[in-house]
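A.B. asks: The structure file final09.cif (mmCIF, C-alpha atoms) is provided below.
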data_input
loop_
_atom_site.group_PDB
_atom_site.id
_atom_site.type_symbol
_atom_site.label_atom_id
_atom_site.label_comp_id
_atom_site.auth_asym_id
_atom_site.auth_seq_id
_atom_site.Cartn_x
_atom_site.Cartn_y
_atom_site.Cartn_z
ATOM 1 C CA MET A 89 -103.999 -115.340 180.238
ATOM 2 C CA LYS A 90 -101.648 -116.871 182.781
ATOM 3 C CA LYS A 91 -100.660 -119.505 180.200
ATOM 4 C CA LEU A 92 -99.877 -116.762 177.654
ATOM 5 C CA ILE A 93 -97.670 -114.927 180.170
ATOM 6 C CA ASN A 94 -95.744 -118.132 180.920
ATOM 7 C CA ILE A 95 -95.162 -118.732 177.213
ATOM 8 C CA CYS A 96 -93.881 -115.156 176.769
ATOM 9 C CA LEU A 97 -91.523 -115.502 179.759
ATOM 10 C CA SER A 98 -90.207 -118.810 178.399
ATOM 11 C CA LEU A 99 -89.511 -117.265 174.988
ATOM 12 C CA THR A 100 -87.753 -114.292 176.597
ATOM 13 C CA LEU A 101 -85.580 -116.623 178.676
ATOM 14 C CA LEU A 102 -84.718 -118.683 175.588
ATOM 15 C CA VAL A 103 -83.653 -115.563 173.666
ATOM 16 C CA PHE A 104 -81.549 -114.390 176.635
ATOM 17 C CA VAL A 105 -79.774 -117.753 177.002
ATOM 18 C CA SER A 106 -79.164 -117.885 173.258
ATOM 19 C CA SER A 107 -77.708 -114.363 173.282
ATOM 20 C CA CYS A 108 -75.423 -115.216 176.190
ATOM 21 C CA GLY A 109 -74.241 -118.253 174.279
ATOM 22 C CA GLU A 110 -73.357 -116.082 171.296
ATOM 23 C CA LEU A 111 -71.521 -113.630 173.530
ATOM 24 C CA GLY A 112 -69.538 -116.497 174.987
ATOM 25 C CA GLU A 113 -68.505 -117.539 171.500
ATOM 26 C CA LEU A 114 -66.904 -114.121 170.939
ATOM 27 C CA ASP A 115 -64.314 -114.990 173.592
ATOM 28 C CA ASN A 116 -63.433 -118.223 171.889
ATOM 29 C CA TYR A 117 -60.637 -116.751 169.719
ATOM 30 C CA ASP A 118 -57.151 -118.213 169.852
ATOM 31 C CA GLN A 119 -54.620 -116.399 172.016
ATOM 32 C CA PRO A 120 -51.340 -115.043 170.603
ATOM 33 C CA ASP A 121 -48.962 -117.973 170.304
ATOM 34 C CA ALA A 122 -45.753 -116.457 168.900
ATOM 35 C CA LYS A 123 -43.087 -113.829 169.536
ATOM 36 C CA LEU A 124 -41.248 -111.578 167.094
ATOM 37 C CA PHE A 125 -38.001 -109.910 168.077
ATOM 38 C CA GLY A 126 -34.827 -108.617 166.479
ATOM 39 C CA SER A 127 -32.840 -105.508 165.653
ATOM 40 C CA VAL A 128 -31.926 -102.995 162.982
ATOM 41 C CA VAL A 129 -28.278 -103.359 162.001
ATOM 42 C CA ASP A 130 -25.878 -101.211 159.978
ATOM 43 C CA GLU A 131 -25.260 -103.325 156.880
ATOM 44 C CA GLU A 132 -21.664 -102.083 156.570
ATOM 45 C CA THR A 133 -20.432 -102.116 160.179
ATOM 46 C CA GLY A 134 -22.691 -104.804 161.679
ATOM 47 C CA GLU A 135 -23.473 -102.485 164.592
ATOM 48 C CA LEU A 136 -26.943 -101.723 165.928
ATOM 49 C CA ILE A 137 -28.453 -98.445 164.724
ATOM 50 C CA PRO A 138 -29.464 -96.564 167.908
ATOM 51 C CA GLN A 139 -32.952 -95.070 167.985
ATOM 52 C CA GLU A 140 -35.084 -92.419 169.675
ATOM 53 C CA LEU A 141 -37.601 -93.483 172.318
ATOM 54 C CA ILE A 142 -41.259 -93.189 171.201
ATOM 55 C CA THR A 143 -40.612 -90.866 168.242
ATOM 56 C CA GLY A 144 -37.972 -93.003 166.547
ATOM 57 C CA SER A 145 -38.158 -95.356 163.579
ATOM 58 C CA VAL A 146 -41.257 -97.507 163.082
ATOM 59 C CA ILE A 147 -41.823 -101.074 161.898
ATOM 60 C CA GLU A 148 -45.067 -101.601 159.982
ATOM 61 C CA TYR A 149 -46.403 -105.115 159.514
ATOM 62 C CA LYS A 150 -49.587 -106.848 158.422
ATOM 63 C CA GLU A 151 -50.686 -110.453 158.660
ATOM 64 C CA LEU A 152 -51.404 -112.053 155.312
ATOM 65 C CA GLY A 153 -54.382 -114.274 154.580
ATOM 66 C CA PHE A 154 -57.073 -111.666 155.179
ATOM 67 C CA GLU A 155 -59.058 -109.752 152.565
ATOM 68 C CA THR A 156 -58.123 -106.373 154.063
ATOM 69 C CA PRO A 157 -55.213 -106.947 156.470
ATOM 70 C CA GLN A 158 -54.717 -104.212 159.048
ATOM 71 C CA ILE A 159 -51.372 -102.401 159.180
ATOM 72 C CA GLN A 160 -49.914 -102.531 162.674
ATOM 73 C CA GLN A 161 -46.888 -100.773 164.141
ATOM 74 C CA LEU A 162 -43.982 -101.791 166.328
ATOM 75 C CA ARG A 163 -41.467 -99.336 167.742
ATOM 76 C CA PHE A 164 -37.783 -99.805 168.455
ATOM 77 C CA HIS A 165 -36.017 -99.663 171.785
ATOM 78 C CA THR A 166 -33.304 -96.996 171.927
ATOM 79 C CA GLU A 167 -30.476 -99.483 171.377
ATOM 80 C CA GLY A 168 -32.012 -100.524 168.047
ATOM 81 C CA THR A 169 -33.866 -103.685 169.080
ATOM 82 C CA PHE A 170 -37.568 -104.526 168.942
ATOM 83 C CA ARG A 171 -39.885 -107.155 170.452
ATOM 84 C CA ASN A 172 -43.549 -108.161 170.325
ATOM 85 C CA ASN A 173 -44.485 -111.088 172.579
ATOM 86 C CA LEU A 174 -48.137 -111.133 171.478
ATOM 87 C CA MET A 175 -48.040 -112.271 167.857
ATOM 88 C CA PHE A 176 -50.145 -114.842 166.045
ATOM 89 C CA SER A 177 -48.401 -117.502 164.003
ATOM 90 C CA GLY A 178 -48.613 -116.733 160.303
ATOM 91 C CA ASP A 179 -47.059 -114.977 157.328
ATOM 92 C CA TYR A 180 -46.442 -111.236 157.562
ATOM 93 C CA GLU A 181 -45.289 -108.402 155.339
ATOM 94 C CA ILE A 182 -42.888 -106.257 157.320
ATOM 95 C CA GLU A 183 -40.906 -103.090 156.650
ATOM 96 C CA ALA A 184 -39.122 -100.372 158.609
ATOM 97 C CA VAL A 185 -40.246 -96.831 157.752
ATOM 98 C CA ARG A 186 -39.820 -93.180 158.760
ATOM 99 C CA GLY A 187 -36.473 -93.854 160.368
ATOM 100 C CA ASN A 188 -32.885 -92.673 160.637
ATOM 101 C CA PHE A 189 -31.750 -95.016 157.859
ATOM 102 C CA PHE A 190 -32.426 -95.714 154.205
ATOM 103 C CA ALA A 191 -35.637 -97.732 154.251
ATOM 104 C CA PRO A 192 -35.021 -101.377 153.284
ATOM 105 C CA GLU A 193 -37.394 -103.225 150.991
ATOM 106 C CA MET A 194 -40.521 -104.830 152.401
ATOM 107 C CA GLU A 195 -40.021 -108.491 153.296
ATOM 108 C CA THR A 196 -42.385 -111.401 153.856
ATOM 109 C CA ILE A 197 -41.586 -113.515 156.901
ATOM 110 C CA THR A 198 -43.164 -116.456 158.708
ATOM 111 C CA VAL A 199 -43.722 -115.900 162.417
ATOM 112 C CA LYS A 200 -43.961 -119.078 164.476
ATOM 113 C CA GLY A 201 -42.886 -119.675 168.060
ATOM 114 C CA ASP A 202 -39.896 -117.475 168.944
ATOM 115 C CA THR A 203 -39.027 -115.755 165.671
ATOM 116 C CA GLU A 204 -35.928 -113.565 165.328
ATOM 117 C CA PHE A 205 -35.688 -111.144 162.423
ATOM 118 C CA ALA A 206 -32.835 -108.763 161.598
ATOM 119 C CA ILE A 207 -33.380 -105.626 159.558
ATOM 120 C CA THR A 208 -30.244 -104.503 157.728
ATOM 121 C CA ALA A 209 -30.010 -100.909 156.535
ATOM 122 C CA LEU A 210 -27.641 -97.996 155.998
ATOM 123 C CA PRO A 211 -27.939 -95.181 158.563
ATOM 124 C CA TYR A 212 -28.127 -91.652 157.215
ATOM 125 C CA ILE A 213 -25.331 -90.614 159.609
ATOM 126 C CA ARG A 214 -22.894 -92.323 161.972
ATOM 127 C CA ILE A 215 -21.685 -90.709 165.190
ATOM 128 C CA LYS A 216 -18.062 -91.710 165.704
ATOM 129 C CA ASP A 217 -15.497 -91.580 168.539
ATOM 130 C CA ALA A 218 -17.677 -89.823 171.120
ATOM 131 C CA THR A 219 -15.765 -88.931 174.301
ATOM 132 C CA ILE A 220 -16.990 -87.040 177.373
ATOM 133 C CA GLU A 221 -15.275 -84.842 179.957
ATOM 134 C CA ASN A 222 -15.964 -82.419 182.785
ATOM 135 C CA THR A 223 -14.222 -79.124 182.020
ATOM 136 C CA GLY A 224 -15.096 -77.565 185.374
ATOM 137 C CA ARG A 225 -17.853 -75.437 183.881
ATOM 138 C CA LYS A 226 -19.475 -77.822 181.439
ATOM 139 C CA VAL A 227 -19.897 -81.454 180.573
ATOM 140 C CA GLU A 228 -18.631 -81.679 177.002
ATOM 141 C CA ILE A 229 -18.786 -84.395 174.366
ATOM 142 C CA SER A 230 -16.400 -84.404 171.414
ATOM 143 C CA PHE A 231 -17.244 -86.529 168.371
ATOM 144 C CA ARG A 232 -17.036 -86.886 164.615
ATOM 145 C CA VAL A 233 -19.892 -87.141 162.131
ATOM 146 C CA GLU A 234 -19.682 -89.643 159.299
ATOM 147 C CA GLN A 235 -22.261 -88.697 156.693
ATOM 148 C CA VAL A 236 -23.694 -91.508 154.554
ATOM 149 C CA ALA A 237 -26.584 -89.653 152.903
ATOM 150 C CA THR A 238 -25.635 -86.854 150.516
ATOM 151 C CA GLU A 239 -28.204 -84.357 151.785
ATOM 152 C CA ASN A 240 -27.243 -81.609 154.248
ATOM 153 C CA VAL A 241 -26.826 -82.336 157.929
ATOM 154 C CA LEU A 242 -29.313 -79.987 159.583
ATOM 155 C CA LYS A 243 -28.360 -80.037 163.281
ATOM 156 C CA LEU A 244 -26.172 -81.613 165.921
ATOM 157 C CA SER A 245 -27.569 -82.139 169.417
ATOM 158 C CA MET A 246 -26.356 -83.196 172.842
ATOM 159 C CA VAL A 247 -28.883 -84.578 175.338
ATOM 160 C CA ALA A 248 -28.713 -85.770 178.946
ATOM 161 C CA ASP A 249 -30.990 -87.548 181.398
ATOM 162 C CA LEU A 250 -30.967 -89.891 184.394
ATOM 163 C CA ASN A 251 -32.625 -92.492 182.168
ATOM 164 C CA PRO A 252 -30.521 -94.439 179.609
ATOM 165 C CA ASN A 253 -33.318 -93.956 177.053
ATOM 166 C CA VAL A 254 -32.308 -90.322 176.719
ATOM 167 C CA GLY A 255 -33.009 -88.551 173.419
ATOM 168 C CA LYS A 256 -34.441 -85.334 171.974
ATOM 169 C CA ALA A 257 -37.919 -86.394 173.066
ATOM 170 C CA PHE A 258 -36.797 -87.460 176.526
ATOM 171 C CA SER A 259 -34.139 -85.382 178.301
ATOM 172 C CA ILE A 260 -33.619 -82.924 181.162
ATOM 173 C CA ALA A 261 -30.976 -80.894 179.334
ATOM 174 C CA SER A 262 -29.975 -80.400 175.709
ATOM 175 C CA ALA A 263 -27.805 -78.259 173.455
ATOM 176 C CA THR A 264 -28.132 -77.869 169.682
ATOM 177 C CA LYS A 265 -25.820 -76.586 166.960
ATOM 178 C CA THR A 266 -27.145 -75.719 163.485
ATOM 179 C CA ILE A 267 -25.040 -77.045 160.590
ATOM 180 C CA ASN A 268 -27.232 -77.022 157.469
ATOM 181 C CA GLY A 269 -24.458 -78.301 155.245
ATOM 182 C CA ILE A 270 -22.185 -81.185 154.286
ATOM 183 C CA VAL A 271 -19.825 -82.299 157.074
ATOM 184 C CA ASP A 272 -16.194 -83.356 156.916
ATOM 185 C CA PRO A 273 -15.763 -86.763 158.615
ATOM 186 C CA SER A 274 -12.381 -85.681 160.000
ATOM 187 C CA THR A 275 -13.802 -82.627 161.797
ATOM 188 C CA VAL A 276 -14.173 -83.005 165.571
ATOM 189 C CA TYR A 277 -17.271 -81.287 166.962
ATOM 190 C CA THR A 278 -17.793 -80.401 170.613
ATOM 191 C CA LEU A 279 -21.093 -79.724 172.383
ATOM 192 C CA GLY A 280 -21.461 -78.898 176.078
ATOM 193 C CA LEU A 281 -24.015 -78.577 178.866
ATOM 194 C CA ARG A 282 -23.518 -76.434 181.961
ATOM 195 C CA LEU A 283 -22.684 -78.244 185.195
ATOM 196 C CA SER A 284 -25.497 -76.307 186.864
ATOM 197 C CA SER A 285 -27.942 -78.469 184.878
ATOM 198 C CA PHE A 286 -26.922 -81.506 186.954
ATOM 199 C CA GLU A 287 -26.690 -82.698 190.541
ATOM 200 C CA VAL A 288 -23.196 -83.389 191.806
ATOM 201 C CA GLY A 289 -22.587 -87.012 192.686
ATOM 202 C CA LYS A 290 -25.257 -88.427 190.378
ATOM 203 C CA GLU A 291 -24.725 -90.476 187.233
ATOM 204 C CA TYR A 292 -26.373 -89.279 184.016
ATOM 205 C CA PHE A 293 -26.640 -90.676 180.515
ATOM 206 C CA PHE A 294 -25.424 -88.546 177.610
ATOM 207 C CA ARG A 295 -25.872 -88.897 173.856
ATOM 208 C CA VAL A 296 -25.091 -86.808 170.808
ATOM 209 C CA GLY A 297 -27.039 -86.988 167.596
ATOM 210 C CA ALA A 298 -27.291 -85.544 164.108
ATOM 211 C CA ILE A 299 -30.269 -85.229 161.787
ATOM 212 C CA ILE A 300 -30.196 -85.252 157.993
ATOM 213 C CA ASP A 301 -32.317 -83.064 155.710
ATOM 214 C CA ILE A 302 -34.625 -85.855 154.492
ATOM 215 C CA PRO A 303 -38.420 -85.849 155.004
ATOM 216 C CA GLU A 304 -39.475 -87.749 158.158
ATOM 217 C CA ALA A 305 -35.855 -88.467 159.092
ATOM 218 C CA LYS A 306 -35.018 -89.063 162.748
ATOM 219 C CA TYR A 307 -31.849 -88.297 164.699
ATOM 220 C CA ASN A 308 -28.908 -90.672 164.415
ATOM 221 C CA TYR A 309 -27.254 -91.204 167.817
ATOM 222 C CA ASN A 310 -24.263 -92.741 169.501
ATOM 223 C CA VAL A 311 -24.705 -95.318 172.267
ATOM 224 C CA PRO A 312 -25.552 -93.559 175.594
ATOM 225 C CA ILE A 313 -22.526 -92.697 177.737
ATOM 226 C CA LYS A 314 -22.921 -92.992 181.531
ATOM 227 C CA PHE A 315 -21.041 -90.209 183.329
ATOM 228 C CA LYS A 316 -20.888 -89.242 186.994
ATOM 229 C CA ILE A 317 -20.998 -85.524 187.787
ATOM 230 C CA GLU A 318 -18.078 -84.481 189.998
ATOM 231 C CA GLU A 319 -17.196 -81.042 191.278
#
Show me this structure written as structure tokens.
C.D. replies:
Amino acid sequence: MKKLINICLSLTLLVFVSSCGELGELDNYDQPDAKLFGSVVDEETGELIPQELITGSVIEYKELGFETPQIQQLRFHTEGTFRNNLMFSGDYEIEAVRGNFFAPEMETITVKGDTEFAITALPYIRIKDATIENTGRKVEISFRVEQVATENVLKLSMVADLNPNVGKAFSIASATKTINGIVDPSTVYTLGLRLSSFEVGKEYFFRVGAIIDIPEAKYNYNVPIKFKIEE
């Protein structure tokens, strides 16, 4: 009986060691060995196309060489750049979707080491000549809207925050004007926020944006303007 118990214990120990060995093998995968970074650029002006934090345009990519490759996502920074420091070397299909620009065609790229990739596209709208001033009652931004898409411009918005990543999804104060029509690029628009929304002596970041009437479109913005609130 004692001999039988010893045999059973030995078999149990063997199974346990074998299982641990298999578990150890699961951690034997290669680590990410490449980086992908770049920007989305206006194909006519060469300027970056500013984005919205979190809810802005999306890059979808999938690594080739698998039977059912998984679609992964990468989001832009507000200035229009992107970066993923945890990529695996290989060939990828990549495209920018659900953005504030006409979606470019899908491309196949090779990611190896530090890989830079530029996405060129036409924005739906350009915000031009934005200037800011303190009128004594409000902080106002004047600007023009250059429409590239032919659909109606739905709204214009002004946003402000202490953080330079300010946008519709991330702001302490905002003002919106409904347009719902075609805009004249020579028209100067002005939006304002009350001084009472801010603390005197502090610097805030301001942006204005416009959104086109296209499904899943996002706001097109100017570059954030840093402005100190004075009495």
A.B. asks: What residues come out when you apply the PyMOL selection byres ((chain A and resi 196) around 6) to this file, written as an mmCIF file with C-alpha atoms, in the coordinates of the input?
C.D. replies:
data_model
loop_
_atom_site.group_PDB
_atom_site.id
_atom_site.type_symbol
_atom_site.label_atom_id
_atom_site.label_comp_id
_atom_site.auth_asym_id
_atom_site.auth_seq_id
_atom_site.Cartn_x
_atom_site.Cartn_y
_atom_site.Cartn_z
ATOM 1 C CA TYR A 180 -46.442 -111.236 157.562
ATOM 2 C CA GLU A 181 -45.289 -108.402 155.339
ATOM 3 C CA GLU A 195 -40.021 -108.491 153.296
ATOM 4 C CA ILE A 197 -41.586 -113.515 156.901
#
A.B. asks: Kindly give the distance, in Å, that separates atom CA of Pro312 of chain A and atom CA of Thr223 of chain A, rounded to a single decimal.
C.D. replies: 19.4 Å
A.B. asks: Near Ser259 of chain A, within 10 Å and counting all atoms listed in the file, which residues show up once chain neighbours fewer than 3 positions away are dropped, as a short mmCIF file (atom, residue, chain, number, x, y, z; two decimals) with C-alpha atoms, in the frame of the given file?
C.D. replies:
data_model
loop_
_atom_site.label_atom_id
_atom_site.label_comp_id
_atom_site.auth_asym_id
_atom_site.auth_seq_id
_atom_site.Cartn_x
_atom_site.Cartn_y
_atom_site.Cartn_z
CA MET A 246 -26.36 -83.20 172.84
CA VAL A 247 -28.88 -84.58 175.34
CA ALA A 248 -28.71 -85.77 178.95
CA ASP A 249 -30.99 -87.55 181.40
CA LEU A 250 -30.97 -89.89 184.39
CA ASN A 251 -32.62 -92.49 182.17
CA PRO A 252 -30.52 -94.44 179.61
CA ASN A 253 -33.32 -93.96 177.05
CA VAL A 254 -32.31 -90.32 176.72
CA GLY A 255 -33.01 -88.55 173.42
CA LYS A 256 -34.44 -85.33 171.97
CA SER A 262 -29.98 -80.40 175.71
CA PHE A 293 -26.64 -90.68 180.52
CA PHE A 294 -25.42 -88.55 177.61
#
A.B. asks: Please check which residues have atoms at most 10 Å from (-25.0, -84.5, 188.9) in the file's coordinates, counting only C-alpha atoms, and write them as a list in words.
C.D. replies: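 Here the neighbourhood of the point contains Leu250, Leu283, Ser284, Ser285, Phe286, Glu287, Val288, Gly289, Lys290, Glu291, Tyr292, Phe315, Lys316, Ile317, Glu318 and Glu319 of chain A.
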A.B. asks: Sorted by chain and rising residue number, which residues of segment 197-224 of chain A lie within 12 Å of segment 144-158 of chain A, and what are their closest atom pairs and distances in Å to one decimal, counting only C-alpha atoms, as a Markdown table?
C.D. replies:
| residue | atom | partner | partner_atom | distance |
| --- | --- | --- | --- | --- |
| A:Ile197 | CA | A:Glu151 | CA | 9.8 |
| A:Thr198 | CA | A:Glu151 | CA | 9.6 |
| A:Val199 | CA | A:Glu151 | CA | 9.6 |
| A:Phe205 | CA | A:Ile147 | CA | 11.8 |
| A:Ala206 | CA | A:Ile147 | CA | 11.8 |
| A:Ile207 | CA | A:Ile147 | CA | 9.9 |
| A:Pro211 | CA | A:Ser145 | CA | 11.4 |
A.B. asks: Atom CA of Thr143 of chain A and atom CA of Asn188 of chain A are how many Å apart?
C.D. replies: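 About the pair atom CA of Thr143 of chain A and atom CA of Asn188 of chain A: they are 11.0 Å apart.
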A.B. asks: Given the file shown, enumerate the residues that the PyMOL selection byres ((chain A and resi 171) around 6) captures and present them as a list in words.
C.D. replies: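 After applying the PyMOL selection byres ((chain A and resi 171) around 6), what remains is Leu124, Phe125, Phe170 and Asn172 of chain A.
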A.B. asks: Counting all atoms listed in the file, figure out which residue out of A:Asp179, A:Glu204, A:Glu140, A:Glu193 gets nearest to Tyr307 of chain A.
C.D. replies: A:Glu140
A.B. asks: What does the PyMOL selection byres ((chain A and resi 270-277) around 9) select in this file, as a ChimeraX atom specification?
C.D. replies: /A:216,229-235,238-242,244,267-269,278-279
A.B. asks: For Gly187 of chain A, which residue out of A:Lys265, A:Val311, A:Ile142, A:Ala218 is the nearest one, using all atoms listed in the file?
C.D. replies: A:Ile142
A.B. asks: If you count only C-alpha atoms, which residues fall within 10 Å of Arg282 of chain A, apart from same-chain ones fewer than 6 positions away, as a PyMOL selection string?
C.D. replies: chain A and resi 222-228+261-263
A.B. asks: To one decimal place in Å, what is the distance between atom CA of Val296 of chain A and atom CA of Arg163 of chain A?
C.D. replies: 20.8 Å
A.B. asks: Build an axis-aligned box that encloses every atom of segment 272-288 of chain A listed in the file, pad it by 4 Å on each side, and report its centre and edge lengths in Å to one decimal, as lines of an AutoDock Vina configuration file.
C.D. replies:
center_x = -20.2
center_y = -81.5
center_z = 174.4
size_x = 23.6
size_y = 18.5
size_z = 42.9
A.B. asks: Would you kindly return, as a PyMOL selection string, each protein, DNA or RNA residue with an atom no farther than 10 Å from any atom of Phe189 of chain A, considering all atoms listed in the file and excluding same-chain residues fewer than 5 positions away?
C.D. replies: chain A and resi 128-130+137+145+184+208-213+236-237+300+305-308
A.B. asks: Name the residues in contact with Gln119 of chain A at a cut-off of 10 Å, using only C-alpha atoms, excluding same-chain residues fewer than 5 positions from it; report them as a PyMOL selection string.
C.D. replies: chain A and resi 174-176
A.B. asks: Kindly indicate which residue among A:Ser177, A:Thr133, A:Ser127, A:Ser245 lies nearest to Phe164 of chain A, using all atoms listed in the file for the distances.
C.D. replies: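 Of A:Ser177, A:Thr133, A:Ser127, A:Ser245, the one nearest Phe164 of chain A is A:Ser127, counting all atoms listed in the file.
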A.B. asks: Counting all atoms listed in the file, which residue out of A:Glu167, A:Asp217, A:Asp202, A:Glu183 sits closest to Lys123 of chain A?
C.D. replies: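 Nearest candidate to Lys123 of chain A out of A:Glu167, A:Asp217, A:Asp202, A:Glu183: A:Asp202.
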